[in-house]
Amino acid sequence: MIIEQQLKASIKEVDDLKAALDEHAIVAVTDPQGRITFVNDKFCAISKYARAELLGQDHRLINSGHHPPEFIRELWTTIAHGRVWRGEIKNRAKDGSFYWVDTTIVPFLDPNGKPRQYVAIRTDITARKQAEEKLNASNKEVLDLKTALDEHAIVAITDAHGKITFVNDKFCAISKYAREELLGQDHRLINSGFHPKEFIRELWTTIREGRVWRGEIKNRAKDGSLYWVDTTIVPFLDANGKPRQYVAIRTDITARKEAEEKLNASTKEVMDLKAALDEHAIVAITDAHGKITFVNDKFCAISKYAREELLGQDHRIINSGHHPKEFIRELWATIRQGRVWHGQLRNRAKDGSFYWVDTTIVPFLGENGKPRQYVAIRADITERKRIEMEIKELNAELEHRVVERTAQLEAANEQLESFSYSVSHDLRAPLRAVDGFSQAVLEDFGPQLPDEGRRQLQTIRSAAQQMGVLIDDLLTFSRLSRQSLAARRVDFNAMVRGVLQELGAPWADRRVEVRCADLPPALGDPALLKQVWLNLLSNALKYSGKRSPAVIEIGVADKAGRPAYFVRDNGTGFDMRYAGKLFGVFQRLHRPEEFEGTGVGLAIVQRIVQRHGGQVWADAAVDRGATFHFTLKSEPPT
């Protein structure tokens with residue numbers, strides 16, 4: 001009786017435990033071959049199979065395919081050896097949904113120690129696994145974000161006192177400090193000194209109050225180079241609401257800041273140029289249709305229109321009507337083709353007055369290659385045009401005067417030609433008669449005349465001959481102004497040798513030393529240039545006549561890149577105070593009884609040299625000789 005009662009009590013306890021197990025766990029029993037022999041209600045509920053669909057099947061019915069074959073093989077090896085297996089399994093329900101179970105499989109052995117059945121007790125952990133998957137996904141996302149952040153940004157973490165506790169590789173790379181040089185330091189290590197104290201103070205005030213700070217900071221790297229970072233500093237607060245650490249995320253914006261600085265400098269330069277242009281020029285901008293969209297103050301000032309009267313108008317508002325339609329048509333055709341037009345325009349101001357502007361119109365093209373606007377830059381040339389008009393009127397008047405003067409000169413030349421003819425014929429005949437009859441008297445009656453009579457007749461003859469030479473020189477001088485030049489290349493070395501041969505006979509009985517350098521050729525009229533050398537060399541021989549030996553030096557020097565020919569003698573020279581008289585007609589610095597001459601030779605030299613575009617001058621001293629220089633124009637003379 002007692003045994004029965006104990007047995008009943010034991011069975012009830014087992015039933016209670018089974019009932020409790022059924023309430024808590026998912027239970028299945030399989031035979032040694034793995035065929036299901038029992039499932040409880042929870043198994044049916046989670047697998048969504050009816051009990052009849054499960055009994056006699058094996059667990060492949062709910063295999064999700066999630067676990068690899070090695071996993072399933074290891075499970076069966078364990079329980080086939082009579083050992084308990086514990087693990088987590090992902091199964092597939094009848095409707096295709098998945099669920100996770102925390103599983104314990106207990107083998108029950110027969111007297112031979114072989115499994116006779118397996119009892120699998122499972123707990124539904126689907127919600128936990130889903131939470132873990134979400135957590136893992138979230139953790140992965142966080143890690144991915146951290147990795148991406150490390151790749152993209154410069155990251156540093158400091159403690160509540162600003163000591164650096166973490167830096168990523170990019171922080172080290174941009175600051176050029178090793179990680180061990182940064183940890184434990186504060187950000188004063190990379191302070192560039194660029195920002196004022198107020199800037200730093202405002203930053204710290206913000207983050208210490210638990211607020212995020214954003215801004216741009218200029219830092220100094222270890223090597224002294226400077227770099228800019230766009231910075232966000234996020235405070236992380238403790239339970240008391242106080243910052244426990246600060247995470248600073250930075251982006252390198254050095255290239256952008258450098259570009260901004262260049263752009264700012266370029267913009268300032270453009271603004272300076274615009275300001276200078278506004279100060280200097282009259283500026284207007286029109287759209288593609290010629291409507292005025294901008295005018296500067298100078299445009300308003302010269303046109304006498306207010307800005308609001310001009311904007312939206314076209315330039316017909318200031319058209320003076322001076323220019324023909326073809327002129328305006330050509331202007332528009334040019335700029336519409338995208339080409340710059342430059343010219344002068346006469347405009348009419350609001351008050352009816354006219355003004356001239358030197359104008360450049362520049363088309364600015366759109367993406368389609370067509371003008372989108374025109375910028376016209378003008379300069380006021382009204383005064384210049386007025387002066388040009390006055391000059392034209394003066395030139396017209398001068399041309400009229402030149403015509404009159406030319407007619408007068410032609411008449412004077414005709415009179416001079418007539419006078420020259422008279423001098424040449426009418427004066428020569430009496431002089432020849434005086435000379436001839438004086439010579440006849442001397443030849444026919446000379447022996448009968450006293451000595452004084454013969455001397456006086458000889459004086460008459462000499463005066464008549466000298467008068468003839470003077471007339472020849474005057475005629476030569478007068479012809480020089482009218483005679484055309486037959487210019488060609490002249491060999492001065494050969495010409496000087498020929499002139500010296502011509503002049504050699506009168507001084508054959510004197511000691512004369514001639515020193516002649518190599519002379520470069522010249523361009524000019526050979527006959528006239530021979531007169532120059534003839535006069536200069538004859539003067540040198542004449543005024544050095546009292547020297548023994550007489551030294552004549554002929555050479556060339558450089559004067560402003562042009563050859564300056566010269567004739568130097570060691571003769572009597574002259575006082576340079578009277579040098580201005582040398583080249584005048586009939587001007588003589590010596591008495592006739594000292595040296596013969598008409599006083600016309602040097603005037604002829606000066607006239608010929610001037611006709612050849614050159615200059616002539618002299619240097620001398622009394623009793624120390626004289627030097628005469630002359631230059632010629634390098635181009636063909638006219």
# chains A, B, ... in the order shown; residues from 1 in each chain; ligands from 1
>>> select_by_dssp(residues="region 183-279 of chain A", states="strand (DSSP E or B)", output="ChimeraX atom specification")
/A:191,213-220,226-237,243-252
>>> write_last_selection(atoms="C-alpha atoms", output="tab-separated table (two decimals), in the first residue's frame")
chain	number	residue	atom	x	y	z
A	191	ASN	CA	48.26	75.91	-32.49
A	213	TRP	CA	31.12	73.78	-31.96
A	214	ARG	CA	31.67	74.09	-35.68
A	215	GLY	CA	34.23	76.23	-37.48
A	216	GLU	CA	37.40	76.43	-39.53
A	217	ILE	CA	40.80	76.28	-37.81
A	218	LYS	CA	44.28	76.97	-39.11
A	219	ASN	CA	46.85	74.62	-37.51
A	220	ARG	CA	50.63	74.24	-37.67
A	226	LEU	CA	50.24	75.39	-42.01
A	227	TYR	CA	47.00	73.61	-42.85
A	228	TRP	CA	43.28	74.38	-42.55
A	229	VAL	CA	40.63	72.00	-41.15
A	230	ASP	CA	36.85	72.28	-41.13
A	231	THR	CA	36.13	71.17	-37.56
A	232	THR	CA	33.16	69.81	-35.57
A	233	ILE	CA	33.75	69.23	-31.84
A	234	VAL	CA	31.07	67.12	-30.09
A	235	PRO	CA	31.00	66.96	-26.26
A	236	PHE	CA	29.93	63.60	-24.71
A	237	LEU	CA	28.32	64.13	-21.30
A	243	PRO	CA	31.48	66.75	-20.66
A	244	ARG	CA	33.48	63.57	-20.06
A	245	GLN	CA	35.24	63.70	-23.44
A	246	TYR	CA	35.28	65.64	-26.69
A	247	VAL	CA	35.32	64.05	-30.13
A	248	ALA	CA	36.73	66.37	-32.82
A	249	ILE	CA	36.07	65.45	-36.44
A	250	ARG	CA	38.01	67.48	-38.98
A	251	THR	CA	38.22	67.69	-42.77
A	252	ASP	CA	41.31	68.98	-44.55
>>> residues_around(residues="Asp186 (chain A)", least_positions_apart="4", cutoff="12 Å", atoms="only C-alpha atoms", output="list in words")
Ala156, Ile157, Thr158, Asp159, Ala160, His161, Gly162, Lys163, Ile164, Thr165, Phe166, Val167, Glu181, Leu182, Ile190, Asn191 and Tyr246 of chain A
>>> residues_around(residues="Ile292 (chain A)", least_positions_apart="4", cutoff="6 Å", atoms="only C-alpha atoms", output="PyMOL selection string")
chain A and resi 285-286+311-314
>>> select_by_dssp(residues="region 168-227 of chain A", states="alpha helix (DSSP H)", output="number ranges by chain")
A: 169-175, 179-182, 197-208
>>> closest_residue(among="A:Ala259, A:Leu536, A:Ile318, A:Val551", to="Asp351 (chain A)", atoms="only C-alpha atoms")
A:Ile318
>>> closest_residue(among="A:Ala557, A:Val512, A:Ala275, A:Ile36", to="Arg60 (chain A)", atoms="only C-alpha atoms")
A:Ile36
>>> residues_around(residues="Lys350 (chain A)", least_positions_apart="2", cutoff="6 Å", atoms="only C-alpha atoms", output="NGL selection string")
:A and (304-305 or 352)
>>> closest_residue(among="A:Gln373, A:Gln456, A:Gln501, A:Thr103", to="Leu75 (chain A)", atoms="only C-alpha atoms")
A:Thr103
>>> residues_around(residues="Lys530 (chain A)", least_positions_apart="5", cutoff="12 Å", atoms="only C-alpha atoms", output="PyMOL selection string")
chain A and resi 490-500+502+522+524-525+535-538+604-605+608-609
>>> residues_around(residues="Val119 (chain A)", least_positions_apart="3", cutoff="7 Å", atoms="only C-alpha atoms", output="ChimeraX atom specification")
/A:28-30,105-107
>>> residues_around(residues="region 64-68 of chain A", least_positions_apart="5", cutoff="9 Å", atoms="only C-alpha atoms", output="PyMOL selection string")
chain A and resi 73+89-93+96+98
>>> closest_residue(among="A:Lys392, A:His629, A:Arg386, A:Lys48", to="Val556 (chain A)", atoms="only C-alpha atoms")
A:His629
>>> atom_distance(atom1="CA of Ala153 (chain A)", atom2="CA of Lys170 (chain A)")
7.0 Å
>>> atom_distance(atom1="CA of Cys172 (chain A)", atom2="CA of Ile154 (chain A)")
8.6 Å
>>> closest_residue(among="A:Val402, A:Leu55, A:Met576, A:Ala265", to="Ala621 (chain A)", atoms="only C-alpha atoms")
A:Met576
